[in-house]
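First comes the structure, then the notes that go with it.
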2 protein chains.
Amino acid sequence: MNNSHNLKSLGPFFQPESVAVIGASRAAGKAGYNIIENLKRLGYPGKIYPVNPRATRILGLAAYPGVKDLPETPALAIIVLPPGQVLKSLRECADRGVKAVIIEAVGFGEMDAEGARAEAEITELAGQAGMRVMGPNSVGTINPYANFDSSLGRLKKVFLPRGGIEKGPAAFIGQTGLFTGVYLPLLNSEIGISKIACLGNKCDVDESDVLEYCGADPATKVIAMYLESINDGPRFLELARRINKKKPIIVLKSAVTEGGARASATHTGAVAGEDRVYEAAFRQAGICRVGSFEQLWDVTRAFVSAAPPRGSRVAIVNLAGSGCVTAVDACTRYGLQIAKLSPATKKKIKALYPDWWQVSSPIDVWVAIEASGFEKTYTAITRAVLEDENVDAVIAVMGANNWLDGKSVPGLFADIRRDFPQKTLLAVSMPGDRKIYYRMQREFKDIGVPCYTKDEDAVASLAALYRYRQYLNATP
Amino acid sequence: MNNSHNLKSLGPFFQPESVAVIGASRAAGKAGYNIIENLKRLGYPGKIYPVNPRATRILGLAAYPGVKDLPETPALAIIVLPPGQVLKSLRECADRGVKAVIIEAVGFGEMDAEGARAEAEITELAGQAGMRVMGPNSVGTINPYANFDSSLGRLKKVFLPRGGIEKGPAAFIGQTGLFTGVYLPLLNSEIGISKIACLGNKCDVDESDVLEYCGADPATKVIAMYLESINDGPRFLELARRINKKKPIIVLKSAVTEGGARASATHTGAVAGEDRVYEAAFRQAGICRVGSFEQLWDVTRAFVSAAPPRGSRVAIVNLAGSGCVTAVDACTRYGLQIAKLSPATKKKIKALYPDWWQVSSPIDVWVAIEASGFEKTYTAITRAVLEDENVDAVIAVMGANNWLDGKSVPGLFADIRRDFPQKTLLAVSMPGDRKIYYRMQREFKDIGVPCYTKDEDAVASLAALYRYRQYLNATP
């Protein structure tokens, strides 16, 4: 499939002009009800056509017995039927000329041999009809830029009781429903969503198709993926190499153990390949590989907020001496260097301490806090190390506690962040008080500084930024 | 030093009958002010003697010019003076017959050669006078069972704005002030504190002394340690072997890289040994080693709440198919087995799904939730797998979302936890909404179930419990 055709054919999965929901339901909590409820709640501006042979109205909308009865050919059909009814429904879509279908029904290749045969028929039918099919076993898509959401979870009641979905910079693509479900509030508030696609069994639309789409999507600045398998390795890597030059790609590849691969076969029917092969290929394509969902968020937040550093020399400004030790352990493990501070920088820093103190790197600030106060200590030292030409990146480590009697700690860093756009600044706020931590994390995000719970997470994310810079430098 | 003498001599560090604060200050925020403020706030019932040659009253208490002027010999003296004045003050303590001193002053072995020489004198003086000295560079101790706190951070204003310190089961010992400072609210609310000791440079009282003390402390059930070095390896390991039979010991050993070891030298003046030697020795002594503070909390919470499993067969009840894959990857990495469910168990589980569903292990519950609801699905399946004699431990994985319209999810598991005291139950609640997550974590803790943010953390903690069980089984 050539590029422009793929991009065009994927459009309706993210911003369709009209949607048919096949298997629409009047029962709150059923998938065929939730999808319509979610679309209405997000203010989706297109036509919604519930399809159900035993209903005339669903959620206030006229319902139709079949796809053939609709007043127009919908740009997208979403099928949420029991697995035995899916193929018949898909044929009706093909007959009606529907060009994009999401099959959110489950019970196919991930279930048994019969399901795998049905899936093969879906692929064949899609090819014959020139129809793009996402799924089966997909959990839908979300595009906040088009007020569009095809996911089947109960967004408002279960996942987003406190608000809607905002426009953001990161695309989340993968073989999991967690992106449109459980993790949705986190992605929305802590990172910012441009597109989400939960691919399911990938019988037609696969990770490469959506990667290419998000690569060309102006709203998407960073691409985060969860993959159990890759359908077409060479195509995926070629796309990744090209897209990585503009937009960093971060991948959580699971099914890396034999047991995990067996579990994947019963989840999305995927057959996982040799892990070391993935590792090497990802590295060559400049893909940042992570080991868990939490790391996927960590690194994605780094790419969303921070500039990749020009070198590997890190200054660490740390509340605790023990933190200086653990941060250095982490830097050593991740291939970063502790910056050697210039005499001028050391002099500026020493002014904040009692006379007998000797400045070393990492910078242990507790005694300075006692002598000069929290605010002056962190702002003066962070500024001093950012000004030092021996420093490429700074990790400011503090605690999520009530340092300024209720006043915002991240606010201290807003000017500093603006004054040093060429340098990389990350924050760590050890979660003493979790509520304070998440408030600080949000406030740091708002001023363009990613914030982490522990030094190792910040160091790992900084190392990912640095490897990305090296990739950019090495590829013309 | 023989055991009973060490235990007796350490008593005043945790429950002294009276305390002198040498370097007491009238300036809010100074260490010599904070210590007194903290003691008063916690309702410490003993006498507090501020020592300051230029004050008559501090925080409402009579102040004294020197230790020799006190109306009685204090059970404990806390020194918070500039480094140059410490030795003189310590000699005065010795002359007065003080038997326990915490030196919270900094600027010794961690700073320079002169500091190291002063530290050697401290050690010598302590030995001559039969005086126990914690520090220098200690950040104090906390014992909620005696309303005692010698730490120098501003507990109320900075670290605990929302309440006091409760009695709990876990001792935190180590070369860091983070336990009495930044992390205090977390330790208090998420785990529960029996004792805290921030050891500093360990010129006399060291990790073995306090390990022995906490091993004999009836309030302490689990011991968590942060160590950059070990003063007396053979003694530490012998103590650990003995205490581990009753109380699990979890250690975060940092300074494991060359850079980290250099940083440790400027933090607590410690000289770190070869990491592989520690690794092997810890394993032989049944010590659970972790790699970060977050893992230290994770594993400690497991030991506080959960029974070590009798075997390695784990049933995983998972909201997401992708979670089944990542959890199996984690089990494989950590040496645990996915349980093979009995036909009777599978039959009970299948009843919650549509007809066409086939039950496999791990158990992917999303389709059951759609068919039977969240509450019935989780309670029936968790109960079914706990009843299965092929299952030693269960990890119930869900999301931190509004599943029950505001009703408590952990509450569903209270009866189940009570009904299966011989089996190990852990929860994972992927943090969709962080506020909901931490509420769930607290509620799970209250019913005796440790709760984690990701499957890998639960699996790693379960593996630690299992290794501990194996250690108990292997040592008579």
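All residue names refer to the structure tokens as shown: chains lettered A, B, ... in order, residues numbered from 1 in each chain, ligands numbered from 1 in order.
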
Exercise. Check stretch 192-247 of chain A with DSSP on the backbone and list each residue it calls strand (DSSP E or B), as a PyMOL selection string.
Key: chain A and resi 193-198+222-227

Write out as CSV the residues of chain A that have any atom within 6 Å of an atom of chain B, one row each with the nearest atom pair and its distance in Å to one decimal, counting only C-alpha atoms, sorted by chain and then rising number.
```
residue,atom,partner,partner_atom,distance
A:Val158,CA,B:Asn402,CA,4.4
A:Phe159,CA,B:Asn401,CA,5.5
A:Thr176,CA,B:Ser322,CA,5.5
A:Val182,CA,B:Gly432,CA,5.1
A:Tyr183,CA,B:Gly432,CA,4.2
A:Pro185,CA,B:Gly432,CA,5.3
A:Leu186,CA,B:Gly432,CA,5.1
A:Ser254,CA,B:Thr326,CA,5.9
A:Ala255,CA,B:Val325,CA,5.9
A:Thr257,CA,B:Asp329,CA,5.4
A:Gly259,CA,B:Val328,CA,5.9
A:Gly260,CA,B:Asp329,CA,4.6
A:Ala263,CA,B:Val325,CA,5.1
A:Ser264,CA,B:Val325,CA,5.4
A:His267,CA,B:Gly321,CA,5.0
A:Gly321,CA,B:His267,CA,5.0
A:Ser322,CA,B:Thr176,CA,5.5
A:Val325,CA,B:Gly260,CA,4.9
A:Thr326,CA,B:Ser254,CA,6.0
A:Val328,CA,B:Gly260,CA,4.9
A:Asp329,CA,B:Gly260,CA,4.6
A:Gly399,CA,B:Val182,CA,5.4
A:Asn401,CA,B:Phe159,CA,5.5
A:Asn402,CA,B:Val158,CA,4.4
A:Trp403,CA,B:Val158,CA,5.2
A:Gly432,CA,B:Tyr183,CA,4.2
A:Asp433,CA,B:Pro185,CA,5.7
```

Those residues you just picked out, can you put them in a file as a PDB file, in the first residue's frame with N, CA and C atoms?
```pdb
ATOM      1  N   VAL A 158     -16.793   5.721  34.415  1.00  0.00           N
ATOM      2  CA  VAL A 158     -15.701   4.926  34.990  1.00  0.00           C
ATOM      3  C   VAL A 158     -14.345   5.621  34.861  1.00  0.00           C
ATOM      4  N   PHE A 159     -14.041   6.126  33.666  1.00  0.00           N
ATOM      5  CA  PHE A 159     -12.658   6.544  33.411  1.00  0.00           C
ATOM      6  C   PHE A 159     -12.398   8.040  33.574  1.00  0.00           C
ATOM      7  N   THR A 176      -3.546  -2.770  23.022  1.00  0.00           N
ATOM      8  CA  THR A 176      -4.111  -2.778  24.365  1.00  0.00           C
ATOM      9  C   THR A 176      -5.264  -1.802  24.447  1.00  0.00           C
ATOM     10  N   VAL A 182      -8.339   2.299  31.269  1.00  0.00           N
ATOM     11  CA  VAL A 182      -7.748   2.536  32.585  1.00  0.00           C
ATOM     12  C   VAL A 182      -6.809   3.750  32.613  1.00  0.00           C
ATOM     13  N   TYR A 183      -5.888   3.816  31.644  1.00  0.00           N
ATOM     14  CA  TYR A 183      -4.853   4.852  31.697  1.00  0.00           C
ATOM     15  C   TYR A 183      -5.289   6.196  31.104  1.00  0.00           C
ATOM     16  N   PRO A 185      -7.247   8.742  32.019  1.00  0.00           N
ATOM     17  CA  PRO A 185      -7.104   9.981  32.812  1.00  0.00           C
ATOM     18  C   PRO A 185      -5.646  10.381  33.006  1.00  0.00           C
ATOM     19  N   LEU A 186      -4.764   9.415  33.167  1.00  0.00           N
ATOM     20  CA  LEU A 186      -3.333   9.706  33.326  1.00  0.00           C
ATOM     21  C   LEU A 186      -2.769  10.317  32.038  1.00  0.00           C
ATOM     22  N   SER A 254       6.252  -5.987  24.685  1.00  0.00           N
ATOM     23  CA  SER A 254       6.075  -7.059  25.668  1.00  0.00           C
ATOM     24  C   SER A 254       6.151  -8.400  24.954  1.00  0.00           C
ATOM     25  N   ALA A 255       5.709  -9.446  25.635  1.00  0.00           N
ATOM     26  CA  ALA A 255       5.822 -10.806  25.109  1.00  0.00           C
ATOM     27  C   ALA A 255       7.290 -11.107  24.816  1.00  0.00           C
ATOM     28  N   THR A 257       9.315 -12.799  26.960  1.00  0.00           N
ATOM     29  CA  THR A 257       9.693 -14.113  27.477  1.00  0.00           C
ATOM     30  C   THR A 257       8.816 -15.153  26.793  1.00  0.00           C
ATOM     31  N   GLY A 259       6.913 -17.373  28.148  1.00  0.00           N
ATOM     32  CA  GLY A 259       5.592 -17.353  28.771  1.00  0.00           C
ATOM     33  C   GLY A 259       4.777 -16.165  28.304  1.00  0.00           C
ATOM     34  N   GLY A 260       5.423 -15.019  28.222  1.00  0.00           N
ATOM     35  CA  GLY A 260       4.730 -13.823  27.759  1.00  0.00           C
ATOM     36  C   GLY A 260       4.243 -13.986  26.335  1.00  0.00           C
ATOM     37  N   ALA A 263       1.149 -16.018  26.372  1.00  0.00           N
ATOM     38  CA  ALA A 263       0.033 -15.208  26.863  1.00  0.00           C
ATOM     39  C   ALA A 263      -0.440 -14.239  25.778  1.00  0.00           C
ATOM     40  N   SER A 264       0.508 -13.734  24.996  1.00  0.00           N
ATOM     41  CA  SER A 264       0.154 -12.816  23.922  1.00  0.00           C
ATOM     42  C   SER A 264      -0.702 -13.518  22.878  1.00  0.00           C
ATOM     43  N   HIS A 267      -4.041 -13.282  23.851  1.00  0.00           N
ATOM     44  CA  HIS A 267      -4.546 -11.921  24.055  1.00  0.00           C
ATOM     45  C   HIS A 267      -4.884 -11.278  22.722  1.00  0.00           C
ATOM     46  N   GLY A 321      22.079  13.729  50.519  1.00  0.00           N
ATOM     47  CA  GLY A 321      23.351  13.105  50.189  1.00  0.00           C
ATOM     48  C   GLY A 321      23.141  11.709  49.626  1.00  0.00           C
ATOM     49  N   SER A 322      22.188  10.979  50.200  1.00  0.00           N
ATOM     50  CA  SER A 322      21.912   9.631  49.675  1.00  0.00           C
ATOM     51  C   SER A 322      21.434   9.714  48.231  1.00  0.00           C
ATOM     52  N   VAL A 325      24.228   9.872  45.865  1.00  0.00           N
ATOM     53  CA  VAL A 325      24.814   8.547  45.632  1.00  0.00           C
ATOM     54  C   VAL A 325      23.954   7.743  44.655  1.00  0.00           C
ATOM     55  N   THR A 326      22.645   7.684  44.900  1.00  0.00           N
ATOM     56  CA  THR A 326      21.797   6.862  44.019  1.00  0.00           C
ATOM     57  C   THR A 326      21.722   7.466  42.621  1.00  0.00           C
ATOM     58  N   VAL A 328      24.130   9.118  41.101  1.00  0.00           N
ATOM     59  CA  VAL A 328      25.390   8.808  40.417  1.00  0.00           C
ATOM     60  C   VAL A 328      25.398   7.338  39.983  1.00  0.00           C
ATOM     61  N   ASP A 329      24.931   6.452  40.871  1.00  0.00           N
ATOM     62  CA  ASP A 329      24.774   5.047  40.457  1.00  0.00           C
ATOM     63  C   ASP A 329      23.957   4.975  39.157  1.00  0.00           C
ATOM     64  N   GLY A 399      11.989  17.210  47.307  1.00  0.00           N
ATOM     65  CA  GLY A 399      10.978  16.326  47.876  1.00  0.00           C
ATOM     66  C   GLY A 399       9.608  16.938  47.719  1.00  0.00           C
ATOM     67  N   ASN A 401       7.117  17.958  49.445  1.00  0.00           N
ATOM     68  CA  ASN A 401       6.722  18.330  50.802  1.00  0.00           C
ATOM     69  C   ASN A 401       6.355  19.811  50.780  1.00  0.00           C
ATOM     70  N   ASN A 402       5.943  20.284  51.916  1.00  0.00           N
ATOM     71  CA  ASN A 402       5.422  21.649  52.003  1.00  0.00           C
ATOM     72  C   ASN A 402       6.548  22.657  52.252  1.00  0.00           C
ATOM     73  N   TRP A 403       7.488  22.765  51.307  1.00  0.00           N
ATOM     74  CA  TRP A 403       8.697  23.569  51.528  1.00  0.00           C
ATOM     75  C   TRP A 403       8.410  25.051  51.689  1.00  0.00           C
ATOM     76  N   GLY A 432       7.094  12.408  49.061  1.00  0.00           N
ATOM     77  CA  GLY A 432       6.790  12.313  50.477  1.00  0.00           C
ATOM     78  C   GLY A 432       5.288  12.311  50.628  1.00  0.00           C
ATOM     79  N   ASP A 433       4.676  13.366  50.151  1.00  0.00           N
ATOM     80  CA  ASP A 433       3.221  13.472  50.141  1.00  0.00           C
ATOM     81  C   ASP A 433       2.766  13.329  48.695  1.00  0.00           C
TER      82      ASP A 433
END
```

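Between atom CA of A:Asn3 and atom CA of A:Lys245 there is a distance of 17.4 Å.
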
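From atom CA of B:Asn390 back to atom CA of B:Tyr468, the distance works out to 20.4 Å.
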
Practice problem: Would you list, as an NGL selection string, the residues of stretch 48-220 of chain B that end up in alpha helix (DSSP H) under DSSP run on this structure's backbone? | Solution: :B and (86-96 or 113-129 or 184-186 or 207-216)

Which residues, written as a PDB file with N, CA and C atoms, in the first residue's frame, have at least one atom at most 8 Å from B:Ile193, with only C-alpha atoms counted and residues fewer than 2 positions away on the same chain left out?
```pdb
ATOM      1  N   ASN B 143      10.636   7.468  67.142  1.00  0.00           N
ATOM      2  CA  ASN B 143       9.968   6.306  67.733  1.00  0.00           C
ATOM      3  C   ASN B 143       8.545   6.693  68.122  1.00  0.00           C
ATOM      4  N   PRO B 144       7.587   6.387  67.257  1.00  0.00           N
ATOM      5  CA  PRO B 144       6.216   6.812  67.557  1.00  0.00           C
ATOM      6  C   PRO B 144       5.652   6.137  68.816  1.00  0.00           C
ATOM      7  N   ILE B 165       2.542  11.275  63.597  1.00  0.00           N
ATOM      8  CA  ILE B 165       3.148  10.003  63.203  1.00  0.00           C
ATOM      9  C   ILE B 165       2.443   8.893  63.971  1.00  0.00           C
ATOM     10  N   GLU B 166       1.986   7.884  63.244  1.00  0.00           N
ATOM     11  CA  GLU B 166       1.267   6.782  63.895  1.00  0.00           C
ATOM     12  C   GLU B 166       2.186   5.609  64.189  1.00  0.00           C
ATOM     13  N   LYS B 167       1.752   4.768  65.111  1.00  0.00           N
ATOM     14  CA  LYS B 167       2.498   3.556  65.421  1.00  0.00           C
ATOM     15  C   LYS B 167       2.322   2.540  64.299  1.00  0.00           C
ATOM     16  N   GLY B 168       3.417   1.941  63.860  1.00  0.00           N
ATOM     17  CA  GLY B 168       3.326   0.987  62.766  1.00  0.00           C
ATOM     18  C   GLY B 168       4.324  -0.140  62.937  1.00  0.00           C
ATOM     19  N   PRO B 169       4.452  -1.021  61.924  1.00  0.00           N
ATOM     20  CA  PRO B 169       5.235  -2.244  62.069  1.00  0.00           C
ATOM     21  C   PRO B 169       6.645  -2.229  61.481  1.00  0.00           C
ATOM     22  N   ALA B 170       7.050  -1.161  60.766  1.00  0.00           N
ATOM     23  CA  ALA B 170       8.304  -1.256  60.006  1.00  0.00           C
ATOM     24  C   ALA B 170       9.374  -0.303  60.533  1.00  0.00           C
ATOM     25  N   ALA B 171      10.597  -0.837  60.702  1.00  0.00           N
ATOM     26  CA  ALA B 171      11.738  -0.012  61.081  1.00  0.00           C
ATOM     27  C   ALA B 171      12.492   0.407  59.825  1.00  0.00           C
ATOM     28  N   PHE B 172      12.913   1.667  59.797  1.00  0.00           N
ATOM     29  CA  PHE B 172      13.684   2.202  58.672  1.00  0.00           C
ATOM     30  C   PHE B 172      15.023   2.691  59.211  1.00  0.00           C
ATOM     31  N   LEU B 187       6.074   6.996  54.507  1.00  0.00           N
ATOM     32  CA  LEU B 187       6.300   5.874  55.419  1.00  0.00           C
ATOM     33  C   LEU B 187       5.171   5.795  56.439  1.00  0.00           C
ATOM     34  N   ASN B 188       4.729   6.947  56.882  1.00  0.00           N
ATOM     35  CA  ASN B 188       3.685   7.015  57.897  1.00  0.00           C
ATOM     36  C   ASN B 188       2.341   6.543  57.355  1.00  0.00           C
ATOM     37  N   ILE B 191       2.951   2.735  54.895  1.00  0.00           N
ATOM     38  CA  ILE B 191       3.559   1.520  55.441  1.00  0.00           C
ATOM     39  C   ILE B 191       3.314   1.416  56.948  1.00  0.00           C
ATOM     40  N   LYS B 195      10.269   2.287  64.108  1.00  0.00           N
ATOM     41  CA  LYS B 195      11.472   3.046  64.484  1.00  0.00           C
ATOM     42  C   LYS B 195      12.080   3.620  63.205  1.00  0.00           C
ATOM     43  N   ILE B 196      12.708   4.779  63.335  1.00  0.00           N
ATOM     44  CA  ILE B 196      13.545   5.297  62.256  1.00  0.00           C
ATOM     45  C   ILE B 196      14.886   5.691  62.858  1.00  0.00           C
TER      46      ILE B 196
END
```

Quiz item: Near A:Lys247, within 10 Å and counting only C-alpha atoms, which residues show up once chain neighbours fewer than 5 positions away are dropped, as a count of residues only?
Solution: 11
